[in-house]
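Participant: structure28.txt is reproduced in full below (compact mmCIF, C-alpha atoms).
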# COMPACT_ATOMS: atom_id res chain seq x y z
CA MET R 658 -32.59 -6.05 -21.53
CA ALA R 659 -35.16 -3.27 -21.54
CA THR R 660 -36.05 -1.80 -18.18
CA LYS R 661 -39.47 -2.82 -16.97
CA LYS R 662 -41.65 -1.13 -14.39
CA ILE R 663 -42.22 -3.75 -11.73
CA MET R 664 -44.39 -3.28 -8.68
CA TYR R 665 -44.61 -5.65 -5.73
CA ILE R 666 -47.93 -5.37 -3.86
CA ASN R 667 -47.95 -6.45 -0.23
CA ARG R 668 -51.36 -7.04 1.35
CA VAL R 669 -50.90 -9.31 4.36
CA THR R 670 -49.63 -8.89 7.93
CA PRO R 671 -45.90 -9.43 8.51
CA HIS R 672 -46.55 -12.74 10.22
CA SER R 673 -49.00 -14.35 7.82
CA GLY R 674 -46.82 -17.37 7.29
CA LEU R 675 -43.80 -16.76 5.09
CA THR R 676 -45.50 -14.41 2.61
CA ALA R 677 -43.76 -11.20 3.74
CA LYS R 678 -40.37 -12.87 3.79
CA GLU R 679 -40.89 -14.43 0.36
CA SER R 680 -41.98 -11.11 -1.07
CA LEU R 681 -38.83 -9.46 0.25
CA ASP R 682 -36.62 -12.21 -1.20
CA VAL R 683 -38.22 -11.79 -4.64
CA VAL R 684 -37.76 -8.02 -4.42
CA LEU R 685 -34.07 -8.40 -3.53
CA ILE R 686 -33.48 -10.86 -6.36
CA GLY R 687 -35.37 -8.64 -8.82
CA ALA R 688 -33.37 -5.61 -7.70
CA ALA R 689 -30.18 -7.30 -8.91
CA PHE R 690 -31.50 -6.98 -12.49
CA GLU R 691 -31.67 -3.19 -12.27
CA GLN R 692 -35.32 -2.82 -13.14
CA ASP R 693 -37.57 0.10 -12.21
CA VAL R 694 -38.85 -1.36 -8.94
CA ALA R 695 -41.57 -0.08 -6.64
CA LEU R 696 -43.29 -1.57 -3.60
CA ALA R 697 -46.87 -0.94 -2.54
CA PHE R 698 -48.35 -1.68 0.87
CA ILE R 699 -52.12 -1.92 1.06
CA ASP R 700 -54.76 -3.48 3.33
CA ASP R 701 -53.10 -5.44 6.19
CA GLY R 702 -49.79 -5.13 4.33
CA VAL R 703 -49.28 -1.72 5.97
CA TYR R 704 -48.59 -3.58 9.24
CA GLN R 705 -45.33 -4.84 7.69
CA LEU R 706 -43.94 -1.31 7.97
CA LEU R 707 -44.79 -0.76 11.63
CA LYS R 708 -42.03 0.33 13.97
CA ASP R 709 -41.64 -1.57 17.22
CA GLN R 710 -42.45 -5.04 15.96
CA GLN R 711 -41.38 -7.88 18.22
CA PRO R 712 -41.04 -10.83 15.86
CA GLU R 713 -38.56 -12.51 18.22
CA LYS R 714 -41.55 -13.66 20.24
CA THR R 715 -42.81 -15.75 17.33
CA GLY R 716 -39.38 -16.61 15.97
CA SER R 717 -40.10 -14.97 12.61
CA ARG R 718 -38.03 -12.48 10.67
CA HIS R 719 -38.18 -8.77 11.41
CA VAL R 720 -39.18 -7.66 7.92
CA ALA R 721 -39.24 -3.94 8.71
CA LYS R 722 -35.58 -4.26 9.70
CA SER R 723 -34.75 -5.75 6.31
CA PHE R 724 -36.74 -3.05 4.51
CA ALA R 725 -34.14 -0.59 5.83
CA ALA R 726 -31.65 -2.20 3.41
CA LEU R 727 -33.85 -1.62 0.34
CA GLY R 728 -32.11 1.72 -0.30
CA ASP R 729 -28.82 -0.20 -0.71
CA TYR R 730 -30.60 -2.31 -3.35
CA ASP R 731 -31.69 0.86 -5.21
CA VAL R 732 -35.34 0.29 -4.30
CA ARG R 733 -36.46 3.86 -3.72
CA LYS R 734 -40.22 3.93 -4.28
CA ILE R 735 -42.33 2.58 -1.45
CA TYR R 736 -45.99 3.49 -1.73
CA VAL R 737 -48.33 3.19 1.25
CA GLU R 738 -52.06 3.53 0.68
CA GLN R 739 -53.48 6.30 2.85
CA GLU R 740 -56.93 4.72 3.21
CA SER R 741 -55.42 1.43 4.45
CA LEU R 742 -53.60 3.37 7.19
CA ASP R 743 -56.73 5.38 8.09
CA GLU R 744 -58.92 2.27 8.31
CA ARG R 745 -56.48 0.79 10.85
CA GLY R 746 -56.08 3.94 12.93
CA LEU R 747 -52.44 4.30 11.83
CA SER R 748 -50.46 7.25 10.56
CA GLU R 749 -47.10 7.79 8.89
CA ALA R 750 -45.56 8.35 12.35
CA ASP R 751 -46.22 4.66 13.17
CA LEU R 752 -44.12 3.49 10.22
CA VAL R 753 -40.39 2.85 9.94
CA ASP R 754 -38.44 5.70 8.40
CA LEU R 755 -36.93 4.22 5.23
CA ARG R 756 -34.27 6.27 3.43
CA HIS R 757 -32.27 6.12 0.22
CA GLU R 758 -29.68 8.24 -1.57
CA ASN R 759 -31.42 9.94 -4.45
CA PRO R 760 -29.26 9.81 -7.61
CA GLU R 761 -31.42 12.54 -9.19
CA ASP R 762 -30.68 14.91 -6.31
CA ASP R 763 -26.90 14.61 -5.77
CA TYR R 764 -27.40 11.43 -3.71
CA ARG R 765 -29.12 13.36 -0.96
CA ASP R 766 -30.60 11.24 1.82
CA THR R 767 -34.30 11.02 0.95
CA ALA R 768 -37.39 9.39 2.46
CA SER R 769 -38.55 6.33 0.49
CA ILE R 770 -42.11 6.03 1.80
CA ARG R 771 -44.76 7.95 -0.12
CA LEU R 772 -48.37 8.04 1.02
CA ILE R 773 -50.78 7.73 -1.85
CA SER R 774 -54.57 7.69 -2.18
CA ARG R 775 -56.39 4.53 -3.23
CA GLU R 776 -57.50 6.23 -6.44
CA LYS R 777 -54.00 7.35 -7.44
CA LEU R 778 -52.50 3.99 -6.53
CA ALA R 779 -55.03 2.23 -8.78
CA ARG R 780 -53.88 4.43 -11.67
CA LEU R 781 -50.25 3.65 -10.80
CA PHE R 782 -51.00 -0.10 -11.00
CA GLY R 783 -52.20 0.52 -14.54
CA ARG R 784 -48.88 2.07 -15.55
CA GLN R 785 -46.72 -0.92 -14.48
CA ASP R 786 -45.39 -3.56 -16.85
CA VAL R 787 -45.50 -6.26 -14.19
CA LEU R 788 -47.41 -6.58 -10.90
CA PHE R 789 -46.54 -9.15 -8.25
CA ASN R 790 -49.10 -9.87 -5.55
CA PHE R 791 -48.06 -11.06 -2.12
CA MET S 1494 -21.08 -30.25 7.81
CA LEU S 1495 -17.89 -28.79 9.16
CA GLU S 1496 -15.59 -30.07 11.87
CA VAL S 1497 -13.61 -27.56 13.94
CA ASN S 1498 -11.66 -28.41 17.09
CA GLY S 1499 -13.47 -31.72 17.45
CA ARG S 1500 -16.97 -30.24 17.18
CA VAL S 1501 -19.24 -30.80 14.19
CA TYR S 1502 -21.39 -27.96 12.82
CA PRO S 1503 -24.24 -28.49 10.36
CA THR S 1504 -23.90 -26.68 7.02
CA ASP S 1505 -25.93 -26.67 3.82
CA GLU S 1506 -24.71 -28.42 0.68
CA GLU S 1507 -22.65 -25.36 -0.30
CA GLY S 1508 -20.92 -25.07 3.07
CA TYR S 1509 -22.92 -22.23 4.64
CA LEU S 1510 -23.56 -22.65 8.37
CA GLU S 1511 -27.10 -23.78 9.16
CA ASN S 1512 -27.11 -21.88 12.47
CA ILE S 1513 -25.64 -18.40 12.45
CA SER S 1514 -25.23 -18.67 16.23
CA ASP S 1515 -22.70 -21.52 15.76
CA TRP S 1516 -20.22 -19.05 14.26
CA SER S 1517 -16.85 -18.33 15.85
CA GLU S 1518 -13.58 -16.90 14.59
CA ALA S 1519 -12.17 -20.43 14.62
CA ILE S 1520 -14.90 -21.50 12.16
CA ALA S 1521 -14.07 -18.62 9.81
CA GLU S 1522 -10.38 -19.56 9.97
CA ALA S 1523 -11.13 -23.23 9.28
CA MET S 1524 -13.32 -22.37 6.26
CA ALA S 1525 -10.62 -20.04 4.91
CA ALA S 1526 -7.85 -22.61 5.51
CA ALA S 1527 -9.83 -25.14 3.44
CA ASP S 1528 -9.61 -22.60 0.56
CA ASP S 1529 -5.87 -21.98 1.23
CA ILE S 1530 -6.56 -18.49 2.54
CA LYS S 1531 -5.01 -17.09 5.70
CA LEU S 1532 -7.33 -14.46 7.13
CA SER S 1533 -5.67 -11.05 7.51
CA GLU S 1534 -6.92 -7.97 9.34
CA ALA S 1535 -8.29 -6.78 5.98
CA HIS S 1536 -10.40 -9.94 5.71
CA TRP S 1537 -11.64 -9.55 9.28
CA ASP S 1538 -12.76 -5.96 8.58
CA ILE S 1539 -15.09 -7.29 5.88
CA LEU S 1540 -16.29 -10.28 7.93
CA ARG S 1541 -17.08 -8.08 10.94
CA PHE S 1542 -18.81 -5.62 8.66
CA LEU S 1543 -20.97 -8.42 7.18
CA ARG S 1544 -21.96 -9.71 10.61
CA GLU S 1545 -22.99 -6.21 11.67
CA TYR S 1546 -24.90 -5.74 8.42
CA TYR S 1547 -26.77 -8.99 8.98
CA HIS S 1548 -27.48 -8.13 12.59
CA GLU S 1549 -28.96 -4.81 11.50
CA TYR S 1550 -30.93 -5.86 8.40
CA GLU S 1551 -31.20 -9.67 8.55
CA ILE S 1552 -30.00 -9.74 4.94
CA ALA S 1553 -26.84 -11.31 3.53
CA PRO S 1554 -26.04 -8.60 0.96
CA ALA S 1555 -25.50 -9.34 -2.73
CA VAL S 1556 -22.04 -8.36 -3.99
CA ARG S 1557 -23.15 -5.09 -5.60
CA VAL S 1558 -24.77 -4.01 -2.35
CA LEU S 1559 -21.85 -5.19 -0.25
CA THR S 1560 -19.42 -3.17 -2.38
CA LYS S 1561 -21.49 -0.02 -2.03
CA ALA S 1562 -22.08 -0.44 1.69
CA VAL S 1563 -18.40 -1.18 2.40
CA GLY S 1564 -17.45 1.96 0.48
CA ARG S 1565 -19.80 4.02 2.58
CA ARG S 1566 -18.74 2.62 5.95
CA LEU S 1567 -15.10 1.56 5.52
CA GLY S 1568 -13.98 3.99 2.82
CA LYS S 1569 -13.86 4.17 -0.97
CA ASP S 1570 -10.46 2.44 -1.15
CA LYS S 1571 -12.18 -0.71 0.17
CA GLY S 1572 -15.56 -0.32 -1.47
CA ASN S 1573 -14.54 -1.53 -4.91
CA SER S 1574 -14.70 -4.91 -6.62
CA LYS S 1575 -10.96 -5.18 -7.22
CA TYR S 1576 -10.10 -4.82 -3.54
CA LEU S 1577 -12.85 -7.20 -2.44
CA TYR S 1578 -12.12 -9.85 -5.10
CA ASN S 1579 -8.44 -9.78 -4.10
CA LEU S 1580 -9.45 -10.72 -0.58
CA PHE S 1581 -12.20 -13.16 -1.58
CA PRO S 1582 -11.39 -14.56 -5.04
CA ASP S 1583 -14.48 -16.82 -5.18
CA GLY S 1584 -16.69 -13.73 -4.98
CA PRO S 1585 -16.91 -11.36 -2.01
CA GLY S 1586 -20.64 -11.89 -1.63
CA LYS S 1587 -20.64 -15.65 -1.55
CA GLN S 1588 -17.28 -16.43 0.02
CA ALA S 1589 -17.20 -13.67 2.64
CA CYS S 1590 -20.79 -14.36 3.71
CA ARG S 1591 -19.90 -18.02 4.16
CA TYR S 1592 -16.83 -17.23 6.31
CA ALA S 1593 -18.93 -14.76 8.32
CA GLY S 1594 -21.45 -17.50 9.10
CA LEU S 1595 -24.24 -15.82 7.13
CA PRO S 1596 -26.58 -17.55 4.69
CA LYS S 1597 -25.83 -17.36 0.97
CA PRO S 1598 -26.64 -13.84 -0.29
CA THR S 1599 -30.14 -13.43 -1.68
CA GLY S 1600 -29.91 -13.10 -5.44
CA CYS S 1601 -26.59 -14.93 -5.88
CA VAL S 1602 -26.58 -18.08 -7.99
Once more with this new file: its structure as structure tokens, please.
Facilitator:
Amino acid sequence: MATKKIMYINRVTPHSGLTAKESLDVVLIGAAFEQDVALAFIDDGVYQLLKDQQPEKTGSRHVAKSFAALGDYDVRKIYVEQESLDERGLSEADLVDLRHENPEDDYRDTASIRLISREKLARLFGRQDVLFNF
Amino acid sequence: MLEVNGRVYPTDEEGYLENISDWSEAIAEAMAAADDIKLSEAHWDILRFLREYYHEYEIAPAVRVLTKAVGRRLGKDKGNSKYLYNLFPDGPGKQACRYAGLPKPTGCV
């Protein structure tokens, strides 16, 4: 099976129904097929990566907690759109610190989140084989 | 469902506990006994590891991920398929997650 570039785009808040959870499940299943996987967080989707969420109060799943396991699933590219953060008064310091072991750098512990401009992200969308929207 | 010491616990059609909070060591032992397995300290290391993993990430790890994570936290001699399949012959992801009271691993069929 040829490797495909697959990007999962997350645009809604962590507690918009089950969308965030379903997206994560699809990512984890897809990761088992060893594809070239990337995640993008835009619009209200950036809220999914916030530290200090208290989902217990609504009984929903703490998605940011599960994102910390993405490195184990070899998901190493997590793009966050800079403009979406700016528009919500957020910065990288408000986001969870996701890490992975980089196989191209002697498995050094490396940050997974990359901030990217809207313009560059649009070009990146164009280079994917498959886009999933959540 | 599963009956242990006179109490009945709801499970799904594949035998995974519906409520992770129902779990106890007695439940793990009963599930293992039904598969003719007597849980050893080596089994418990993996079950405890899985419960901690789930507590931290809220994910029941797929076997590839479990193997890697066990290797990192419990040592390379345990983080390999041969060791884990010896302990859990039906598949370390599926069988160990079930004994640990976790849901079926995401991505396992």
Participant: Would you write out, as CSV, a table of all residues in chain R that have an atom no more than 9 Å from an atom of chain S, listing for each the closest atom pair and the distance in Å to one decimal, considering only C-alpha atoms and ordering rows by chain and rising residue number?
Facilitator:
residue,atom,partner,partner_atom,distance
R:Asp682,CA,S:Thr1599,CA,6.6
R:Val683,CA,S:Gly1600,CA,8.5
R:Leu685,CA,S:Gly1600,CA,6.6
R:Ile686,CA,S:Gly1600,CA,4.3
R:Gly687,CA,S:Gly1600,CA,7.8
R:Ala688,CA,S:Gly1600,CA,8.6
R:Ala689,CA,S:Gly1600,CA,6.8
R:Arg718,CA,S:Glu1551,CA,7.7
R:His719,CA,S:Glu1551,CA,7.6
R:Val720,CA,S:Glu1551,CA,8.3
R:Ala721,CA,S:Tyr1550,CA,8.5
R:Lys722,CA,S:Tyr1550,CA,5.1
R:Ser723,CA,S:Tyr1550,CA,4.4
R:Phe724,CA,S:Tyr1550,CA,7.5
R:Ala725,CA,S:Tyr1550,CA,6.7
R:Ala726,CA,S:Tyr1550,CA,6.2
R:Asp729,CA,S:Val1558,CA,5.8
R:Tyr730,CA,S:Val1558,CA,6.2
R:Asp731,CA,S:Val1558,CA,8.9
Participant: To one decimal place in Å, what is the distance between CA of Pro760 in chain R and CA of Gly1568 in chain S?
Facilitator: 19.4 Å
Participant: Just to confirm, what's the straight-line distance from CA of Glu1506 in chain S to CA of Ala1553 in chain S in Å (one decimal)?
Facilitator: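 Here the two named atoms are 17.5 Å from each other.
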Participant: Work out how far apart CA of Arg765 in chain R and CA of Arg733 in chain R are and give it in Å to one decimal.
Facilitator: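 Calculated distance between CA of Arg765 in chain R and CA of Arg733 in chain R is 12.3 Å.
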Participant: May I have the residues within 9 Å of range 736-751 of chain R as a ChimeraX atom specification, using all atoms listed in the file and disregarding those fewer than 5 positions away in the same chain?
Facilitator: /R:695-704,706-709,769-775,778
Participant: Using all atoms listed in the file, find the one residue out of S:Leu1580, S:Cys1590, S:Leu1567, S:Met1494 that sits nearest to Asp1529 in chain S.
Facilitator: S:Leu1580
Participant: Please return as a PyMOL selection string every residue within 12 Å of (-14.5, -25.7, 17.9), taking into account only C-alpha atoms and the file's own coordinates.
Facilitator: chain S and resi 1495-1502+1515-1523
